[in-house]
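Undergrad: Here it is, the structure, as structure tokens.
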Amino acid sequence: MREVYLDNNATTMVDREVFEAMEEYFCKYYGNPNSLHHFGTITHKPLKNAFNQLYEGINANEDDDIIITSCATESNNWVLKGIYFSEILKNGKNHIVTTQVEHPAVSATCAFLEELGIEVTYVPLNDKANIDVSAIRDAITPKTALVSVMWANNETGVIFPIKEIGEICKEKGVLFHTDAVQTIGKIKVDLQDVNVDFLSFSAHKFHGPKGIGGLYIKKGLELTPLFHGGEHMGGRRSGTLNVPYIIGMGKAMELANKNLDFETNKVREMRDKLENALINMNDVLVVGRDTLRVPNTILASVRGIEGEAMLWDLNKAGIGASTGSACASEDLEANPVMTAIGADKELAHTAVRLSLSRFTTDEDIDYTIKILDSSIKRLRNISSSY
Ligand SMILES: *Cc1c(COP(=O)(O)O)cnc(C)c1O
């Protein structure tokens with residue numbers, strides 16, 4: 001049976017080139033970079049190279065910091081909790097602005113900070129599944145310590161207006177964090193072009209290994225560490241450096257940018273082909289279709305069909321996809337993505353997310369269209385609501 005992986009917003013395959021770059025740092029060059037002997041020092045050059053790949057990948061300045069973390073969940077937790085210690089407790093600012101559709105690594109951390117007495121404003125999506133710049137502007141008060149808005153949404157692929165929000169934050173003197181996990185390798189991330197103070201990323205979303213990520217911190221900014229210990233990463237994040245994974249993430253970043261044209265052209269073309277085929281199956285609504293999106297993502301609502309029933313059919317045919325969190329919620333009202341686009345109650349549980357990568361092929365897409373077509377026909381035939 002054919003195997004088709006269309007859940008690349010959840011995680012991606014490690015590129016073989018990345019795997020090969022990492023390999024000899026497990027059993028051959030395994031020294032601790034902090035050691036003074038040659039087992040340690042031999043890792044310095046390849047580590048430096050990996051950091052260069054990361055700095056170049058997001059076009060950061062040399063004197064900005066890129067700190068290695070265990071994942072983007074850590075990076076997001078760190079920014080929000082770090083700001084609590086370095087800004088909120090010190091300066092008396094007690095307000096954070098974010099959106100209703102952040103990854104749980106941001107939204108659950110905000111909920112935790114609310115328990116500590118911090119005020120959080122959750123800006124909703126507009127009817128185009130995007131964030132209005134004016135809504136962010138209006139939410140900022142003199143008490144605002146931080147604005148945290150993701151660059152691209154993991155469910156819909158919609159690209160949020162990070163450049164404009166960054167300018168507002170600069171003008172108002174408020175720190176700005178963006179979760180860029182879904183943008184690396186999908187659109188150009190250029191820190192010379194946007195005013196961002198903190199940026200989170202994660203290797204496994206761009207064909208690197210799981211369990212390693214990073215946090216970009218603009219030059220000179222204070223952020224209380226979460227991990228105290230040794231003097232790793234200039235004391236900002238303690239813990240022995242994960243040499244093979246850092247090297248893998250550097251390589252993955254380099255390849256992500258090298259393949260950006262392919263992503264913008266070929267991946268988009270395959271996505272659009274799949275999307276148009278879905279639309280032609282009638283009563284299918286693609287969220288954010290009229291909005292600027294990353295090239296690989298489709299969040300589709302198929303009237304009359306439970307998202308989970310569809311996933312079951314797809315999985316039986318060897319295709320891996322996701323319902324996204326759009327279906328996780330029991331309550332339509334509680335789902336900001338579906339309410340934002342004005343979806344009625346019937347559409348509440350019908351969402352399916354298909355996310356491609358540069359390893360997706362034309363044959364994968366043709367096969368998926370065929371399976372979707374027969375699955376939708378079959379499920380609508382037995383549906384009580386269609
Ligand atoms: C996957 C994801 C994360 C979490 O990344 P991990 O490295 O798995 O912790 C955070 N934000 C977004 C938008 C994601 O898609």
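The way I read the labels, and the way they are meant: chains A, B, ... in the order of the structure tokens, residue 1 as the first residue of every chain, and ligand 1 as the first ligand shown, with later ones counted on from there.
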Which residues come within 9 Å of A:Gly220, counting only C-alpha atoms, excluding same-chain residues fewer than 3 positions away, as a ChimeraX atom specification?
TA: /A:63-65,217
Undergrad: Restricting the output to all heavy atoms, write the selected residues as a JSON list (two decimals), in the first residue's frame.
TA:
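The resulting part_37.json:
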```json
[["chain", "number", "residue", "atom", "x", "y", "z"],
["A", 63, "ASP", "N", 25.63, 40.10, 16.88],
["A", 63, "ASP", "CA", 25.58, 40.34, 18.32],
["A", 63, "ASP", "C", 24.19, 40.12, 18.93],
["A", 63, "ASP", "O", 23.96, 40.39, 20.10],
["A", 63, "ASP", "CB", 26.14, 41.73, 18.67],
["A", 63, "ASP", "CG", 25.66, 42.81, 17.73],
["A", 63, "ASP", "OD1", 24.76, 42.50, 16.91],
["A", 63, "ASP", "OD2", 26.16, 43.94, 17.81],
["A", 64, "ASP", "N", 23.24, 39.64, 18.12],
["A", 64, "ASP", "CA", 22.00, 39.12, 18.70],
["A", 64, "ASP", "C", 22.32, 37.75, 19.29],
["A", 64, "ASP", "O", 23.35, 37.15, 18.97],
["A", 64, "ASP", "CB", 20.92, 38.93, 17.62],
["A", 64, "ASP", "CG", 20.50, 40.25, 16.98],
["A", 64, "ASP", "OD1", 20.57, 41.30, 17.65],
["A", 64, "ASP", "OD2", 20.10, 40.22, 15.79],
["A", 65, "ASP", "N", 21.42, 37.22, 20.11],
["A", 65, "ASP", "CA", 21.63, 35.88, 20.65],
["A", 65, "ASP", "C", 20.69, 34.88, 19.98],
["A", 65, "ASP", "O", 19.51, 35.19, 19.77],
["A", 65, "ASP", "CB", 21.37, 35.86, 22.16],
["A", 65, "ASP", "CG", 22.65, 36.08, 22.96],
["A", 65, "ASP", "OD1", 23.75, 35.97, 22.36],
["A", 65, "ASP", "OD2", 22.55, 36.35, 24.16],
["A", 217, "ILE", "N", 17.06, 36.11, 20.58],
["A", 217, "ILE", "CA", 16.87, 37.23, 21.51],
["A", 217, "ILE", "C", 17.65, 38.42, 20.96],
["A", 217, "ILE", "O", 18.86, 38.33, 20.75],
["A", 217, "ILE", "CB", 17.39, 36.91, 22.93],
["A", 217, "ILE", "CG1", 16.73, 35.63, 23.46],
["A", 217, "ILE", "CG2", 17.15, 38.08, 23.87],
["A", 217, "ILE", "CD1", 17.27, 35.18, 24.82]]
```
Undergrad: Let me see if you get this right: every residue at most 9 Å from ligand 1, counting only C-alpha atoms and all ligand atoms, written as JSON, numbers by chain.
TA: {"A": [9, 10, 11, 70, 71, 72, 73, 74, 75, 76, 102, 103, 104, 105, 106, 150, 151, 152, 153, 154, 155, 179, 180, 181, 182, 183, 200, 201, 202, 203, 204, 205, 210, 211, 212, 213, 214]}
Undergrad: Could you write out the selected residues, including N, CA and C atoms, as an mmCIF file, in the first residue's frame?
TA:
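What ended up in out_28.cif:
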```cif
data_model
loop_
_atom_site.group_PDB
_atom_site.id
_atom_site.type_symbol
_atom_site.label_atom_id
_atom_site.label_comp_id
_atom_site.auth_asym_id
_atom_site.auth_seq_id
_atom_site.Cartn_x
_atom_site.Cartn_y
_atom_site.Cartn_z
ATOM 1 N N ASN A 9 2.723 19.690 9.502
ATOM 2 C CA ASN A 9 2.672 20.755 10.506
ATOM 3 C C ASN A 9 2.789 20.182 11.918
ATOM 4 N N ALA A 10 2.629 18.866 12.041
ATOM 5 C CA ALA A 10 2.803 18.219 13.351
ATOM 6 C C ALA A 10 4.271 17.864 13.565
ATOM 7 N N THR A 11 4.864 17.254 12.560
ATOM 8 C CA THR A 11 6.307 17.030 12.560
ATOM 9 C C THR A 11 6.706 16.618 11.147
ATOM 10 N N SER A 70 15.368 23.004 24.181
ATOM 11 C CA SER A 70 15.013 21.615 23.898
ATOM 12 C C SER A 70 13.888 21.513 22.887
ATOM 13 N N CYS A 71 13.151 22.607 22.667
ATOM 14 C CA CYS A 71 12.021 22.587 21.724
ATOM 15 C C CYS A 71 11.392 23.975 21.726
ATOM 16 N N ALA A 72 10.457 24.174 20.829
ATOM 17 C CA ALA A 72 9.781 25.476 20.788
ATOM 18 C C ALA A 72 8.858 25.653 21.991
ATOM 19 N N THR A 73 8.384 24.563 22.548
ATOM 20 C CA THR A 73 7.578 24.671 23.767
ATOM 21 C C THR A 73 8.405 25.338 24.868
ATOM 22 N N GLU A 74 9.667 24.925 24.983
ATOM 23 C CA GLU A 74 10.552 25.571 25.959
ATOM 24 C C GLU A 74 10.783 27.043 25.590
ATOM 25 N N SER A 75 11.064 27.308 24.315
ATOM 26 C CA SER A 75 11.332 28.690 23.896
ATOM 27 C C SER A 75 10.150 29.596 24.247
ATOM 28 N N ASN A 76 8.932 29.129 23.944
ATOM 29 C CA ASN A 76 7.740 29.945 24.221
ATOM 30 C C ASN A 76 7.524 30.120 25.724
ATOM 31 N N GLU A 102 -3.007 30.932 19.454
ATOM 32 C CA GLU A 102 -1.610 30.520 19.631
ATOM 33 C C GLU A 102 -1.531 29.026 19.920
ATOM 34 N N HIS A 103 -0.348 28.471 19.722
ATOM 35 C CA HIS A 103 -0.062 27.091 20.133
ATOM 36 C C HIS A 103 -0.221 27.017 21.669
ATOM 37 N N PRO A 104 -0.643 25.848 22.186
ATOM 38 C CA PRO A 104 -0.783 25.722 23.649
ATOM 39 C C PRO A 104 0.477 26.098 24.432
ATOM 40 N N ALA A 105 1.643 25.978 23.828
ATOM 41 C CA ALA A 105 2.872 26.373 24.532
ATOM 42 C C ALA A 105 2.845 27.851 24.889
ATOM 43 N N VAL A 106 2.105 28.654 24.134
ATOM 44 C CA VAL A 106 1.916 30.058 24.483
ATOM 45 C C VAL A 106 0.637 30.227 25.305
ATOM 46 N N MET A 150 1.975 34.579 16.893
ATOM 47 C CA MET A 150 2.686 33.625 16.042
ATOM 48 C C MET A 150 2.812 34.171 14.615
ATOM 49 N N TRP A 151 3.837 33.711 13.882
ATOM 50 C CA TRP A 151 4.069 34.245 12.527
ATOM 51 C C TRP A 151 3.089 33.594 11.544
ATOM 52 N N ALA A 152 2.972 32.272 11.631
ATOM 53 C CA ALA A 152 1.980 31.588 10.791
ATOM 54 C C ALA A 152 1.249 30.583 11.671
ATOM 55 N N ASN A 153 -0.049 30.469 11.437
ATOM 56 C CA ASN A 153 -0.856 29.590 12.281
ATOM 57 C C ASN A 153 -0.705 28.130 11.869
ATOM 58 N N ASN A 154 -0.528 27.271 12.858
ATOM 59 C CA ASN A 154 -0.265 25.852 12.580
ATOM 60 C C ASN A 154 -1.466 25.113 12.008
ATOM 61 N N GLU A 155 -2.681 25.602 12.280
ATOM 62 C CA GLU A 155 -3.873 24.904 11.783
ATOM 63 C C GLU A 155 -4.251 25.337 10.379
ATOM 64 N N ASP A 179 6.176 33.330 17.632
ATOM 65 C CA ASP A 179 6.394 31.891 17.490
ATOM 66 C C ASP A 179 6.456 31.632 15.979
ATOM 67 N N ALA A 180 7.689 31.411 15.479
ATOM 68 C CA ALA A 180 7.896 31.281 14.026
ATOM 69 C C ALA A 180 8.027 29.822 13.603
ATOM 70 N N VAL A 181 7.545 28.912 14.448
ATOM 71 C CA VAL A 181 7.733 27.480 14.182
ATOM 72 C C VAL A 181 7.208 27.078 12.800
ATOM 73 N N GLN A 182 6.054 27.625 12.415
ATOM 74 C CA GLN A 182 5.450 27.192 11.143
ATOM 75 C C GLN A 182 5.923 27.997 9.939
ATOM 76 N N THR A 183 6.892 28.880 10.131
ATOM 77 C CA THR A 183 7.337 29.676 8.978
ATOM 78 C C THR A 183 8.693 29.250 8.426
ATOM 79 N N SER A 200 10.777 32.176 18.337
ATOM 80 C CA SER A 200 10.927 30.747 18.656
ATOM 81 C C SER A 200 10.928 29.913 17.386
ATOM 82 N N PHE A 201 11.754 28.862 17.387
ATOM 83 C CA PHE A 201 11.704 27.908 16.277
ATOM 84 C C PHE A 201 12.038 26.507 16.780
ATOM 85 N N SER A 202 11.744 25.509 15.941
ATOM 86 C CA SER A 202 11.894 24.116 16.346
ATOM 87 C C SER A 202 12.355 23.277 15.159
ATOM 88 N N ALA A 203 13.455 22.527 15.348
ATOM 89 C CA ALA A 203 14.075 21.816 14.227
ATOM 90 C C ALA A 203 13.154 20.792 13.571
ATOM 91 N N HIS A 204 12.321 20.124 14.372
ATOM 92 C CA HIS A 204 11.553 19.013 13.785
ATOM 93 C C HIS A 204 10.411 19.474 12.886
ATOM 94 N N LYS A 205 10.172 20.782 12.829
ATOM 95 C CA LYS A 205 9.153 21.286 11.901
ATOM 96 C C LYS A 205 9.775 21.647 10.555
ATOM 97 N N LYS A 210 13.708 15.908 16.322
ATOM 98 C CA LYS A 210 12.819 16.347 17.402
ATOM 99 C C LYS A 210 13.641 16.596 18.667
ATOM 100 N N GLY A 211 13.112 17.430 19.540
ATOM 101 C CA GLY A 211 13.783 17.636 20.815
ATOM 102 C C GLY A 211 14.878 18.678 20.777
ATOM 103 N N ILE A 212 14.853 19.557 19.793
ATOM 104 C CA ILE A 212 15.784 20.685 19.800
ATOM 105 C C ILE A 212 15.144 21.876 19.087
ATOM 106 N N GLY A 213 15.359 23.049 19.666
ATOM 107 C CA GLY A 213 14.797 24.264 19.101
ATOM 108 C C GLY A 213 15.670 25.436 19.461
ATOM 109 N N GLY A 214 15.131 26.629 19.278
ATOM 110 C CA GLY A 214 15.935 27.799 19.581
ATOM 111 C C GLY A 214 15.079 28.991 19.943
#
```
Undergrad: Using only C-alpha atoms, which of the listed residues (A:Ala343, A:Met310, A:Val284, A:Ile96) sits closest to A:Thr323?
TA: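 Checking each of A:Ala343, A:Met310, A:Val284, A:Ile96 against A:Thr323, counting only C-alpha atoms, the winner is A:Met310.
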Undergrad: What are the closest atom pairs, with distances in Å to one decimal, for all residues of stretch 217-333 of chain A lying within 8 Å of stretch 380-386 of chain A? Consider only C-alpha atoms, order rows by chain and residue number, and present the result as a tab-separated table.
TA:
```
residue	atom	partner	partner_atom	distance
A:Arg303	CA	A:Tyr386	CA	7.3
A:Gly304	CA	A:Tyr386	CA	4.8
A:Ile305	CA	A:Arg380	CA	6.5
```
Undergrad: Dump C-alpha atoms for the selected residues as a PDB file, in the first residue's frame?
TA:
```
ATOM      1  CA  ARG A 303     -19.851  19.352   5.238  1.00  0.00           C
ATOM      2  CA  GLY A 304     -21.622  16.246   6.488  1.00  0.00           C
ATOM      3  CA  ILE A 305     -18.472  14.395   7.550  1.00  0.00           C
TER       4      ILE A 305
END
```
Undergrad: When distances are computed from only C-alpha atoms, which of A:Leu54, A:Val189, A:Cys110, A:Leu6 shows the smallest separation from A:Ile162?
TA: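 Closest candidate: A:Val189.
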Undergrad: Write out as an MDAnalysis selection string the residues lying within 12 Å of A:Asp193, counting only C-alpha atoms and excluding same-chain residues fewer than 4 positions away.
TA: chainID A and resid 58:61 162:164 166:167 188:189
Undergrad: Report as a ChimeraX atom specification all protein, DNA and RNA residues lying within 7 Å of stretch 1-4 of chain A, evaluated on only C-alpha atoms, omitting residues in the same chain fewer than 4 positions from it.
TA: /A:318-320,364
Undergrad: Would you save the residues from that selection as an mmCIF file, in the first residue's frame, using N, CA and C atoms?
TA:
```
data_model
loop_
_atom_site.group_PDB
_atom_site.id
_atom_site.type_symbol
_atom_site.label_atom_id
_atom_site.label_comp_id
_atom_site.auth_asym_id
_atom_site.auth_seq_id
_atom_site.Cartn_x
_atom_site.Cartn_y
_atom_site.Cartn_z
ATOM 1 N N GLY A 318 -3.479 4.458 4.035
ATOM 2 C CA GLY A 318 -2.056 4.764 4.145
ATOM 3 C C GLY A 318 -1.712 6.244 4.205
ATOM 4 N N ILE A 319 -2.740 7.085 4.359
ATOM 5 C CA ILE A 319 -2.503 8.538 4.357
ATOM 6 C C ILE A 319 -2.609 9.088 5.778
ATOM 7 N N GLY A 320 -1.581 9.787 6.216
ATOM 8 C CA GLY A 320 -1.584 10.392 7.547
ATOM 9 C C GLY A 320 -1.931 11.866 7.460
ATOM 10 N N ASP A 364 1.776 11.270 -4.713
ATOM 11 C CA ASP A 364 1.108 11.339 -3.406
ATOM 12 C C ASP A 364 -0.195 12.127 -3.517
#
```
Undergrad: Name the residues in contact with A:Val18 at a cut-off of 7 Å, using only C-alpha atoms, excluding same-chain residues fewer than 3 positions from it; report them as number ranges by chain.
TA: A: 14-15, 21-22, 208, 248, 251-252
Undergrad: Residues within 7 Å of A:Val147, please, as a VMD selection string. Count only C-alpha atoms; anything in the same chain fewer than 4 positions from it doesn't count.
TA: chain A and resid 96 to 98 175 to 177
Undergrad: Any chance you could export the current selection's N, CA, C and O atoms as a PDB file, in the first residue's frame?
TA:
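Printed below is out-v4.pdb as written:
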```pdb
ATOM      1  N   ILE A  96      -0.178  41.243  29.132  1.00  0.00           N
ATOM      2  CA  ILE A  96       0.365  40.600  27.937  1.00  0.00           C
ATOM      3  C   ILE A  96      -0.721  40.590  26.874  1.00  0.00           C
ATOM      4  O   ILE A  96      -1.896  40.338  27.181  1.00  0.00           O
ATOM      5  N   VAL A  97      -0.334  40.867  25.624  1.00  0.00           N
ATOM      6  CA  VAL A  97      -1.279  40.788  24.509  1.00  0.00           C
ATOM      7  C   VAL A  97      -0.895  39.590  23.646  1.00  0.00           C
ATOM      8  O   VAL A  97       0.273  39.446  23.260  1.00  0.00           O
ATOM      9  N   THR A  98      -1.867  38.726  23.361  1.00  0.00           N
ATOM     10  CA  THR A  98      -1.597  37.594  22.480  1.00  0.00           C
ATOM     11  C   THR A  98      -2.862  37.339  21.648  1.00  0.00           C
ATOM     12  O   THR A  98      -3.739  38.200  21.582  1.00  0.00           O
ATOM     13  N   LEU A 175       7.798  45.018  24.147  1.00  0.00           N
ATOM     14  CA  LEU A 175       8.555  43.884  23.623  1.00  0.00           C
ATOM     15  C   LEU A 175       7.651  43.002  22.761  1.00  0.00           C
ATOM     16  O   LEU A 175       6.455  42.863  23.042  1.00  0.00           O
ATOM     17  N   PHE A 176       8.255  42.396  21.729  1.00  0.00           N
ATOM     18  CA  PHE A 176       7.469  41.612  20.781  1.00  0.00           C
ATOM     19  C   PHE A 176       8.087  40.235  20.563  1.00  0.00           C
ATOM     20  O   PHE A 176       9.251  40.121  20.172  1.00  0.00           O
ATOM     21  N   HIS A 177       7.290  39.205  20.821  1.00  0.00           N
ATOM     22  CA  HIS A 177       7.713  37.814  20.587  1.00  0.00           C
ATOM     23  C   HIS A 177       6.874  37.202  19.476  1.00  0.00           C
ATOM     24  O   HIS A 177       5.664  37.407  19.423  1.00  0.00           O
TER      25      HIS A 177
END
```
Undergrad: Rank A:Gln192, A:Asn32, A:Thr99, A:Gln53 by their smallest atom-to-atom distance to A:Val337, using only C-alpha atoms, and report the top residue only.
TA: A:Thr99
Undergrad: List as a list in words the protein and nucleic acid residues near A:Lys93, meaning an atom at most 7 Å away when only C-alpha atoms are counted, but skip any in the same chain fewer than 3 places from it.
TA: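 In the requested format, the answer is Glu87, Ile88, Lys143, Thr144 and Ala145 of chain A.
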Undergrad: For the structure I just gave you, how does DSSP split stretch 45-262 of chain A - specifically, which residues are alpha helix (DSSP H)? Reply as a ChimeraX atom specification.
TA: /A:45-58,72-83,89-91,104-115,133-139,162-172,243-258,260-262
Undergrad: Which of these, A:Gly40, A:Tyr84, A:Tyr5, A:Lys186, has the shortest distance to A:Thr368 once you count only C-alpha atoms?
TA: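 Comparing A:Gly40, A:Tyr84, A:Tyr5, A:Lys186 against A:Thr368, the winner is A:Tyr5.
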Undergrad: Taking only stretch 159-319 of chain A into account, list the residues labelled strand (DSSP E or B) by DSSP (computed from the backbone), as a ChimeraX atom specification.
TA: /A:159,175-179,198-202,213-217,284-286,293,297-302,319
Undergrad: Which distance in Å separates atom CA of A:Thr41 and atom CA of A:Tyr29, to one decimal?
TA: 9.8 Å
Undergrad: Pick from A:Leu80, A:Leu299, A:Leu191, A:Val294: nearest to A:Thr109, with only C-alpha atoms counted?
TA: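 Among the listed residues, the smallest separation from A:Thr109 belongs to A:Leu80.
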